[in-house]
Protein chains: 2
Amino acid sequence: MSIAEAGEFGLIARVVARLETGPTTLLGPGDDSAIVAAPDGRIVASTDVLVEGRHFRRDWSGATDVGHRAAAANLADIAAMGAKPTALLVALCAPPDMDITWAEDLASGLSAEASLVGASVVGGDMSSSPTLTIAVTALGDLGGQAPVVRSGAQPGDVIALAGRLGYAAAGYTVLSRGFRTPKALVEAYRRPSVPYEAGPAAARAGATSMIDISDGLLQDIGHIAKASIVGLDIHSGAFEVPDQMRDAAQALGVDPMQWLLGGGDDHALAATFPAQTPLPDGWRPIGRVHEGTGVTVDQKPWSGPLGWDHFR
Amino acid sequence: MSIAEAGEFGLIARVVARLETGPTTLLGPGDDSAIVAAPDGRIVASTDVLVEGRHFRRDWSGATDVGHRAAAANLADIAAMGAKPTALLVALCAPPDMDITWAEDLASGLSAEASLVGASVVGGDMSSSPTLTIAVTALGDLGGQAPVVRSGAQPGDVIALAGRLGYAAAGYTVLSRGFRTPKALVEAYRRPSVPYEAGPAAARAGATSMIDISDGLLQDIGHIAKASIVGLDIHSGAFEVPDQMRDAAQALGVDPMQWLLGGGDDHALAATFPAQTPLPDGWRPIGRVHEGTGVTVDQKPWSGPLGWDHFR
């Protein structure tokens, strides 16, 4: 059945049936607005949009995968403030002839990813559109902690990373060359594995700045360098290229460091910590903050592409 | 300059420059997430999406108008819970060849409409897309009041209305027939005039249910009938057709009651109140809740179109 045949309210009913409600949802889908617990008295909020052909392809990713990825991209932004995600709102624009099961499976993926952190899909909107588009807003709670912003890095701080880099970019390259394996890389592109807990853990440990790596490590930590008015130097020796990634890179004629340092969509977290701070579980050092500006690799400018510009 | 020429970060900088920050914004655009005050300890949240060709046309509405309307549609959903809007997040998907001034003016319209209620645009996302799409999420604060949901209407309650009906639908019909006047109707379509204050006022006065009229009065109060398991009867005599609307209807061969009862996009608020409750300022009675189901007009089924289905 197409979504046009189901009609707006039929579609909403089918999609809402796929959602699980969690403890932070005070009023879920079905009214003018949702109501979400905000015990901290402040709400952390972030919006990310995925456009078919730009951020995903239906022949490369299933609807459930796209749901996981759309949720992860937003939930990671909440974690990168040191907050715990509580809710998602989703606007779905879809061609009227699209099969309703795609929208249902998308909802399942969104809900399942949100459930990983105790959050729920609490509301949304749907419209027909020639371009399949998914806009997600995530909300989160700081639990009494100060937010970790981009502007607090200090010279002498350690730069640390939680989560993996380069996997999604490698998977994207593999798919774009017409391959479907290695499966670990392709699956990483389809469903990022985000270190959500590492965000609040970094906040508790005293991280001075933090960011979600969505466009590429060097580009994204460039935002920390700019906001904090410091220089960031990455030690390439801190990155071991996994065997599978090295093999794929060789087969495809790619420098795997481009994936690691320039690839987005894994939604790792990068943060800075005062030099003497014991890094919390899941974090590893990858470089050092110094007086200056910009981002370097082994104290030299990086010659490869920095990351991703969504309008180029 | 096109938005592709400006690049993602150039575009963001130009758009953010158009935004005004209000007192509820603890951290505005520029980090992974925004942070908004939520003094009530609960957050009210709603998402609405506008798609070019479906919800607006660039030859009918200026970018600033579209910004006002996109904001109004969302802020009205917050007011309809009895809450006060605090923040907007906006996802903009735009063709890369679009002029950057359109995005800037959109931001001005969004910000100006939000300012009417003390809210601010606190964050968002942008992507290129073949289809110009604007997804807005609004947040709001209940200020200690219980939310007014759709399910609380009781037989014997008075149905009341705040704000105007039929203006936007009349303006839409005028534009769709190729006219640009009467100006009052066309302007009402371009920029709804939403009775935001009436929402929290209704909550304080003890409204038993409330809804934002976005798809048409009869369709939308049908949601109250269904959620509350009651019947709603509208008194047609409560609606005076304004002279300008009557003249336009006659010229275009339309029954103006179709605009009043079936037209959306004015974002009036409908609510139910216990019979003896003095209606707050701005509210007027338009009907009565009774035991039963569904919506009638003068105790008869309505023969015209009920409202708007976004997939048909």
# chains A, B, ... in the order shown; residues from 1 in each chain; ligands from 1
$ closest_atom_pairs --of "chain A" --to "chain B" --cutoff "7 Å" --atoms "only C-alpha atoms" --output "Markdown table"
| residue | atom | partner | partner_atom | distance |
| --- | --- | --- | --- | --- |
| A:Ala4 | CA | B:Phe311 | CA | 5.2 |
| A:Gly7 | CA | B:Phe311 | CA | 5.7 |
| A:Glu8 | CA | B:Phe311 | CA | 5.6 |
| A:Asp31 | CA | B:Arg150 | CA | 6.4 |
| A:Asp32 | CA | B:Asp77 | CA | 5.1 |
| A:Ser33 | CA | B:Ser46 | CA | 4.6 |
| A:Ala34 | CA | B:Ala45 | CA | 5.2 |
| A:Ile35 | CA | B:Val44 | CA | 4.5 |
| A:Val36 | CA | B:Ile43 | CA | 5.2 |
| A:Ala37 | CA | B:Arg42 | CA | 4.5 |
| A:Ala38 | CA | B:Gly41 | CA | 4.6 |
| A:Pro39 | CA | B:Gly41 | CA | 4.8 |
| A:Asp40 | CA | B:Gly41 | CA | 6.8 |
| A:Gly41 | CA | B:Ala38 | CA | 4.6 |
| A:Arg42 | CA | B:Ala37 | CA | 4.5 |
| A:Ile43 | CA | B:Val36 | CA | 5.2 |
| A:Val44 | CA | B:Ile35 | CA | 4.5 |
| A:Ala45 | CA | B:Ala34 | CA | 5.2 |
| A:Ser46 | CA | B:Ser33 | CA | 4.6 |
| A:Thr47 | CA | B:Gly124 | CA | 5.2 |
| A:Asp48 | CA | B:Asp125 | CA | 5.4 |
| A:Val49 | CA | B:Ala91 | CA | 6.3 |
| A:Val51 | CA | B:Ser129 | CA | 6.6 |
| A:Asp77 | CA | B:Asp32 | CA | 5.1 |
| A:Ile78 | CA | B:Ser33 | CA | 6.3 |
| A:Ala80 | CA | B:Asp32 | CA | 6.5 |
| A:Met81 | CA | B:Asp32 | CA | 6.8 |
| A:Leu89 | CA | B:Thr47 | CA | 6.5 |
| A:Ala91 | CA | B:Val49 | CA | 6.3 |
| A:Pro96 | CA | B:Phe311 | CA | 6.3 |
| A:Gly123 | CA | B:Ser46 | CA | 6.6 |
| A:Gly124 | CA | B:Thr47 | CA | 5.2 |
| A:Asp125 | CA | B:Asp48 | CA | 5.4 |
| A:Ser127 | CA | B:His310 | CA | 5.5 |
| A:Ser128 | CA | B:Phe311 | CA | 5.5 |
| A:Ser129 | CA | B:Val51 | CA | 6.6 |
| A:Pro130 | CA | B:Thr131 | CA | 7.0 |
| A:Thr131 | CA | B:Thr131 | CA | 6.1 |
| A:Ala135 | CA | B:Ala135 | CA | 6.6 |
| A:Val149 | CA | B:Asp31 | CA | 6.5 |
| A:Arg150 | CA | B:Asp31 | CA | 6.4 |
| A:Ile211 | CA | B:Asp32 | CA | 6.5 |
| A:Asp212 | CA | B:Asp32 | CA | 6.9 |
| A:Asp309 | CA | B:Glu8 | CA | 5.9 |
| A:His310 | CA | B:Ser127 | CA | 5.5 |
| A:Phe311 | CA | B:Ala4 | CA | 5.2 |
| A:Arg312 | CA | B:Ala4 | CA | 6.1 |
$ residues_around --residues "Val289 (chain A)" --least-positions-apart "4" --cutoff "12 Å" --atoms "only C-alpha atoms" --output "ChimeraX atom specification"
/A:152-160,208-209,221-222,224-225,228-235,271-275,285,293-297,299
$ atom_distance --atom1 "CA of Ala188 (chain A)" --atom2 "CA of Ala238 (chain A)"
21.0 Å
$ residues_around --residues "Phe56 (chain A)" --least-positions-apart "5" --cutoff "12 Å" --atoms "only C-alpha atoms" --output "list in words"
Val49, Leu50, Val51, Ser61, Gly62, Ala63, Asp65, Val66, Gly67, His68, Arg69, Ala70, Thr131, Leu132, Thr133, Ile134, Ala168, Tyr172, Leu175, Ser176, Tyr189, Arg190, Arg191 and Asp265 of chain A
$ residues_around --residues "Ser214 (chain B)" --least-positions-apart "6" --cutoff "9 Å" --atoms "only C-alpha atoms" --output "list in words"
Ala73, Ala76, Asp220, Gly263, Gly264, Asp265, Asp266, His267, Ala268, Gly307 and Trp308 of chain B
$ write_last_selection --atoms "C-alpha atoms" --output "compact mmCIF listing (two decimals), in the first residue's frame"
# COMPACT_ATOMS: atom_id res chain seq x y z
CA ALA B 73 2.40 26.79 12.42
CA ALA B 76 0.51 27.60 17.51
CA ASP B 220 -9.47 19.40 13.60
CA GLY B 263 -10.15 26.05 5.59
CA GLY B 264 -6.84 25.60 7.38
CA ASP B 265 -3.71 27.63 7.98
CA ASP B 266 -5.14 30.49 10.06
CA HIS B 267 -3.99 28.69 13.22
CA ALA B 268 -6.94 29.74 15.31
CA GLY B 307 -10.26 19.79 5.70
CA TRP B 308 -6.89 18.93 4.33
$ select_by_dssp --residues "region 100-136 of chain A" --states "strand (DSSP E)" --output "list in words"
Ser120, Val121, Val122, Gly123, Gly124, Asp125, Met126, Ser127, Ser128, Thr133, Ile134, Ala135 and Val136 of chain A
$ select_by_dssp --residues "region 26-168 of chain B" --states "helix (DSSP H, G or I)" --output "PyMOL selection string"
chain B and resi 63-79+100-115+167-168
$ write_last_selection --atoms "N, CA, C and O atoms" --output "compact mmCIF listing (two decimals), in the first residue's frame"
# COMPACT_ATOMS: atom_id res chain seq x y z
N ALA B 63 10.07 35.18 1.03
CA ALA B 63 10.80 34.34 1.98
C ALA B 63 10.47 34.73 3.43
O ALA B 63 10.34 33.86 4.29
N THR B 64 10.34 36.03 3.67
CA THR B 64 10.02 36.46 5.03
C THR B 64 8.64 35.95 5.43
O THR B 64 8.43 35.49 6.56
N ASP B 65 7.67 36.02 4.48
CA ASP B 65 6.33 35.46 4.74
C ASP B 65 6.42 33.98 5.09
O ASP B 65 5.77 33.52 6.05
N VAL B 66 7.16 33.23 4.31
CA VAL B 66 7.26 31.79 4.55
C VAL B 66 7.87 31.54 5.95
O VAL B 66 7.42 30.64 6.67
N GLY B 67 8.83 32.36 6.32
CA GLY B 67 9.41 32.24 7.66
C GLY B 67 8.37 32.48 8.75
O GLY B 67 8.27 31.71 9.71
N HIS B 68 7.58 33.56 8.57
CA HIS B 68 6.51 33.82 9.55
C HIS B 68 5.56 32.63 9.63
O HIS B 68 5.19 32.20 10.72
N ARG B 69 5.17 32.10 8.46
CA ARG B 69 4.17 31.03 8.46
C ARG B 69 4.73 29.74 9.05
O ARG B 69 4.03 29.05 9.80
N ALA B 70 5.97 29.41 8.70
CA ALA B 70 6.58 28.19 9.24
C ALA B 70 6.68 28.28 10.76
O ALA B 70 6.41 27.31 11.47
N ALA B 71 7.07 29.44 11.25
CA ALA B 71 7.17 29.62 12.71
C ALA B 71 5.78 29.56 13.34
O ALA B 71 5.58 28.88 14.35
N ALA B 72 4.82 30.25 12.73
CA ALA B 72 3.47 30.33 13.31
C ALA B 72 2.84 28.95 13.43
O ALA B 72 2.20 28.64 14.45
N ALA B 73 3.01 28.13 12.40
CA ALA B 73 2.40 26.79 12.42
C ALA B 73 2.89 26.00 13.63
O ALA B 73 2.13 25.24 14.24
N ASN B 74 4.14 26.17 13.97
CA ASN B 74 4.71 25.44 15.09
C ASN B 74 4.42 26.08 16.43
O ASN B 74 4.10 25.40 17.41
N LEU B 75 4.55 27.39 16.49
CA LEU B 75 4.30 28.08 17.76
C LEU B 75 2.85 27.89 18.18
O LEU B 75 2.54 27.78 19.37
N ALA B 76 1.93 27.81 17.20
CA ALA B 76 0.51 27.60 17.51
C ALA B 76 0.30 26.24 18.17
O ALA B 76 -0.58 26.09 19.04
N ASP B 77 1.08 25.24 17.78
CA ASP B 77 0.96 23.92 18.40
C ASP B 77 1.39 23.95 19.87
O ASP B 77 0.88 23.17 20.69
N ILE B 78 2.34 24.79 20.17
CA ILE B 78 2.76 24.95 21.57
C ILE B 78 1.66 25.66 22.36
O ILE B 78 1.28 25.23 23.46
N ALA B 79 1.13 26.74 21.78
CA ALA B 79 0.06 27.49 22.45
C ALA B 79 -1.15 26.60 22.70
O ALA B 79 -1.85 26.74 23.72
N ILE B 100 21.08 33.25 -1.82
CA ILE B 100 21.28 33.21 -0.37
C ILE B 100 20.35 34.17 0.35
O ILE B 100 19.98 33.94 1.51
N THR B 101 19.93 35.24 -0.33
CA THR B 101 19.04 36.20 0.34
C THR B 101 17.70 35.54 0.71
O THR B 101 17.07 35.96 1.67
N TRP B 102 17.29 34.52 -0.06
CA TRP B 102 16.02 33.85 0.30
C TRP B 102 16.16 33.19 1.67
O TRP B 102 15.27 33.30 2.52
N ALA B 103 17.27 32.51 1.89
CA ALA B 103 17.50 31.85 3.18
C ALA B 103 17.62 32.89 4.31
O ALA B 103 17.11 32.68 5.42
N GLU B 104 18.28 34.00 4.00
CA GLU B 104 18.43 35.04 5.02
C GLU B 104 17.07 35.64 5.39
O GLU B 104 16.77 35.86 6.57
N ASP B 105 16.25 35.91 4.37
CA ASP B 105 14.94 36.50 4.65
C ASP B 105 14.03 35.50 5.37
O ASP B 105 13.21 35.88 6.21
N LEU B 106 14.16 34.23 5.01
CA LEU B 106 13.42 33.20 5.74
C LEU B 106 13.76 33.27 7.22
O LEU B 106 12.88 33.24 8.09
N ALA B 107 15.06 33.36 7.51
CA ALA B 107 15.51 33.44 8.91
C ALA B 107 14.93 34.67 9.60
O ALA B 107 14.50 34.60 10.76
N SER B 108 14.89 35.78 8.88
CA SER B 108 14.31 37.00 9.47
C SER B 108 12.84 36.78 9.83
O SER B 108 12.38 37.21 10.90
N GLY B 109 12.10 36.13 8.94
CA GLY B 109 10.68 35.89 9.20
C GLY B 109 10.48 34.94 10.37
O GLY B 109 9.62 35.17 11.24
N LEU B 110 11.26 33.88 10.41
CA LEU B 110 11.18 32.93 11.52
C LEU B 110 11.47 33.63 12.85
O LEU B 110 10.75 33.47 13.83
N SER B 111 12.54 34.43 12.84
CA SER B 111 12.96 35.10 14.06
C SER B 111 11.94 36.13 14.51
O SER B 111 11.62 36.24 15.71
N ALA B 112 11.38 36.87 13.55
CA ALA B 112 10.41 37.91 13.89
C ALA B 112 9.14 37.31 14.47
O ALA B 112 8.59 37.81 15.46
N GLU B 113 8.66 36.21 13.87
CA GLU B 113 7.44 35.59 14.40
C GLU B 113 7.70 35.02 15.81
O GLU B 113 6.87 35.17 16.70
N ALA B 114 8.88 34.40 15.98
CA ALA B 114 9.22 33.86 17.30
C ALA B 114 9.29 34.97 18.35
O ALA B 114 8.85 34.80 19.49
N SER B 115 9.82 36.13 17.93
CA SER B 115 9.96 37.25 18.86
C SER B 115 8.62 37.73 19.39
O SER B 115 8.54 38.27 20.50
N TYR B 167 -9.73 33.04 6.63
CA TYR B 167 -8.96 34.07 5.93
C TYR B 167 -7.87 33.45 5.05
O TYR B 167 -7.71 33.81 3.88
N ALA B 168 -7.10 32.55 5.64
CA ALA B 168 -6.00 31.96 4.87
C ALA B 168 -6.53 31.14 3.70
O ALA B 168 -5.99 31.20 2.59
$ decode --residues "region 61-159 of chain A" --atoms "C-alpha atoms" --output "PDB file, in the first residue's frame"
ATOM      1  CA  SER A  61      20.443   1.307   2.987  1.00  0.00           C
ATOM      2  CA  GLY A  62      17.201  -0.243   4.188  1.00  0.00           C
ATOM      3  CA  ALA A  63      14.556   1.934   5.820  1.00  0.00           C
ATOM      4  CA  THR A  64      15.445   0.586   9.269  1.00  0.00           C
ATOM      5  CA  ASP A  65      19.105   1.464   8.633  1.00  0.00           C
ATOM      6  CA  VAL A  66      18.154   5.002   7.620  1.00  0.00           C
ATOM      7  CA  GLY A  67      16.103   5.311  10.804  1.00  0.00           C
ATOM      8  CA  HIS A  68      19.060   4.211  12.912  1.00  0.00           C
ATOM      9  CA  ARG A  69      21.352   6.647  11.138  1.00  0.00           C
ATOM     10  CA  ALA A  70      18.964   9.608  11.303  1.00  0.00           C
ATOM     11  CA  ALA A  71      18.468   9.040  15.018  1.00  0.00           C
ATOM     12  CA  ALA A  72      22.188   8.483  15.668  1.00  0.00           C
ATOM     13  CA  ALA A  73      23.229  11.704  13.939  1.00  0.00           C
ATOM     14  CA  ASN A  74      20.978  13.664  16.289  1.00  0.00           C
ATOM     15  CA  LEU A  75      21.495  11.709  19.474  1.00  0.00           C
ATOM     16  CA  ALA A  76      25.260  12.115  19.013  1.00  0.00           C
ATOM     17  CA  ASP A  77      24.829  15.900  19.018  1.00  0.00           C
ATOM     18  CA  ILE A  78      23.123  15.645  22.407  1.00  0.00           C
ATOM     19  CA  ALA A  79      25.850  13.386  23.779  1.00  0.00           C
ATOM     20  CA  ALA A  80      28.484  15.834  22.503  1.00  0.00           C
ATOM     21  CA  MET A  81      27.158  18.434  24.953  1.00  0.00           C
ATOM     22  CA  GLY A  82      27.572  15.940  27.799  1.00  0.00           C
ATOM     23  CA  ALA A  83      23.815  15.371  27.959  1.00  0.00           C
ATOM     24  CA  LYS A  84      21.614  12.284  27.948  1.00  0.00           C
ATOM     25  CA  PRO A  85      19.121  12.121  25.067  1.00  0.00           C
ATOM     26  CA  THR A  86      15.464  11.996  26.073  1.00  0.00           C
ATOM     27  CA  ALA A  87      13.355  12.392  22.927  1.00  0.00           C
ATOM     28  CA  LEU A  88      13.233  12.630  19.150  1.00  0.00           C
ATOM     29  CA  LEU A  89      10.769  14.470  16.906  1.00  0.00           C
ATOM     30  CA  VAL A  90      10.705  13.501  13.248  1.00  0.00           C
ATOM     31  CA  ALA A  91       9.458  15.261  10.126  1.00  0.00           C
ATOM     32  CA  LEU A  92       9.098  12.850   7.210  1.00  0.00           C
ATOM     33  CA  CYS A  93       8.593  14.142   3.675  1.00  0.00           C
ATOM     34  CA  ALA A  94       7.961  11.304   1.250  1.00  0.00           C
ATOM     35  CA  PRO A  95       6.810  10.722  -2.312  1.00  0.00           C
ATOM     36  CA  PRO A  96       3.116   9.742  -2.234  1.00  0.00           C
ATOM     37  CA  ASP A  97       3.795   6.521  -4.161  1.00  0.00           C
ATOM     38  CA  MET A  98       6.320   5.267  -1.600  1.00  0.00           C
ATOM     39  CA  ASP A  99       5.329   2.014   0.061  1.00  0.00           C
ATOM     40  CA  ILE A 100       4.009   2.512   3.577  1.00  0.00           C
ATOM     41  CA  THR A 101       6.283  -0.227   4.899  1.00  0.00           C
ATOM     42  CA  TRP A 102       9.285   2.017   4.219  1.00  0.00           C
ATOM     43  CA  ALA A 103       7.882   4.651   6.593  1.00  0.00           C
ATOM     44  CA  GLU A 104       7.023   1.988   9.164  1.00  0.00           C
ATOM     45  CA  ASP A 105      10.506   0.469   9.039  1.00  0.00           C
ATOM     46  CA  LEU A 106      12.044   3.930   9.276  1.00  0.00           C
ATOM     47  CA  ALA A 107      10.049   4.459  12.475  1.00  0.00           C
ATOM     48  CA  SER A 108      11.278   1.118  13.828  1.00  0.00           C
ATOM     49  CA  GLY A 109      14.887   2.133  13.190  1.00  0.00           C
ATOM     50  CA  LEU A 110      14.449   5.558  14.761  1.00  0.00           C
ATOM     51  CA  SER A 111      12.755   4.057  17.799  1.00  0.00           C
ATOM     52  CA  ALA A 112      15.304   1.260  18.218  1.00  0.00           C
ATOM     53  CA  GLU A 113      18.275   3.643  18.070  1.00  0.00           C
ATOM     54  CA  ALA A 114      16.585   6.014  20.536  1.00  0.00           C
ATOM     55  CA  SER A 115      15.881   3.090  22.871  1.00  0.00           C
ATOM     56  CA  LEU A 116      19.641   2.437  23.118  1.00  0.00           C
ATOM     57  CA  VAL A 117      19.885   5.573  25.261  1.00  0.00           C
ATOM     58  CA  GLY A 118      16.460   5.474  26.914  1.00  0.00           C
ATOM     59  CA  ALA A 119      14.991   8.078  24.557  1.00  0.00           C
ATOM     60  CA  SER A 120      11.764   7.836  22.529  1.00  0.00           C
ATOM     61  CA  VAL A 121      10.217   9.237  19.378  1.00  0.00           C
ATOM     62  CA  VAL A 122       7.583  11.536  20.876  1.00  0.00           C
ATOM     63  CA  GLY A 123       6.161  13.362  17.883  1.00  0.00           C
ATOM     64  CA  GLY A 124       6.538  14.508  14.338  1.00  0.00           C
ATOM     65  CA  ASP A 125       4.919  15.515  11.110  1.00  0.00           C
ATOM     66  CA  MET A 126       4.518  14.037   7.651  1.00  0.00           C
ATOM     67  CA  SER A 127       4.028  15.528   4.233  1.00  0.00           C
ATOM     68  CA  SER A 128       4.216  14.445   0.665  1.00  0.00           C
ATOM     69  CA  SER A 129       7.243  15.681  -1.257  1.00  0.00           C
ATOM     70  CA  PRO A 130       9.050  14.707  -4.439  1.00  0.00           C
ATOM     71  CA  THR A 131      12.232  14.351  -2.345  1.00  0.00           C
ATOM     72  CA  LEU A 132      12.395  11.834   0.493  1.00  0.00           C
ATOM     73  CA  THR A 133      13.591  13.884   3.464  1.00  0.00           C
ATOM     74  CA  ILE A 134      13.890  13.113   7.156  1.00  0.00           C
ATOM     75  CA  ALA A 135      14.414  15.954   9.629  1.00  0.00           C
ATOM     76  CA  VAL A 136      15.024  14.875  13.200  1.00  0.00           C
ATOM     77  CA  THR A 137      15.180  16.969  16.338  1.00  0.00           C
ATOM     78  CA  ALA A 138      16.728  15.426  19.443  1.00  0.00           C
ATOM     79  CA  LEU A 139      16.214  16.644  22.996  1.00  0.00           C
ATOM     80  CA  GLY A 140      18.364  15.836  26.001  1.00  0.00           C
ATOM     81  CA  ASP A 141      18.895  16.466  29.658  1.00  0.00           C
ATOM     82  CA  LEU A 142      22.113  17.685  31.290  1.00  0.00           C
ATOM     83  CA  GLY A 143      21.394  16.015  34.638  1.00  0.00           C
ATOM     84  CA  GLY A 144      22.825  18.957  36.567  1.00  0.00           C
ATOM     85  CA  GLN A 145      26.164  18.974  34.690  1.00  0.00           C
ATOM     86  CA  ALA A 146      27.482  22.069  32.938  1.00  0.00           C
ATOM     87  CA  PRO A 147      27.291  21.618  29.151  1.00  0.00           C
ATOM     88  CA  VAL A 148      30.573  20.918  27.357  1.00  0.00           C
ATOM     89  CA  VAL A 149      30.813  23.489  24.570  1.00  0.00           C
ATOM     90  CA  ARG A 150      33.330  23.967  21.781  1.00  0.00           C
ATOM     91  CA  SER A 151      35.019  27.018  23.209  1.00  0.00           C
ATOM     92  CA  GLY A 152      36.701  25.708  26.344  1.00  0.00           C
ATOM     93  CA  ALA A 153      39.849  24.002  25.018  1.00  0.00           C
ATOM     94  CA  GLN A 154      43.086  25.258  26.616  1.00  0.00           C
ATOM     95  CA  PRO A 155      46.691  25.033  25.446  1.00  0.00           C
ATOM     96  CA  GLY A 156      48.233  21.934  27.044  1.00  0.00           C
ATOM     97  CA  ASP A 157      44.950  19.978  27.008  1.00  0.00           C
ATOM     98  CA  VAL A 158      44.927  16.443  25.633  1.00  0.00           C
ATOM     99  CA  ILE A 159      42.724  15.796  22.608  1.00  0.00           C
TER     100      ILE A 159
END
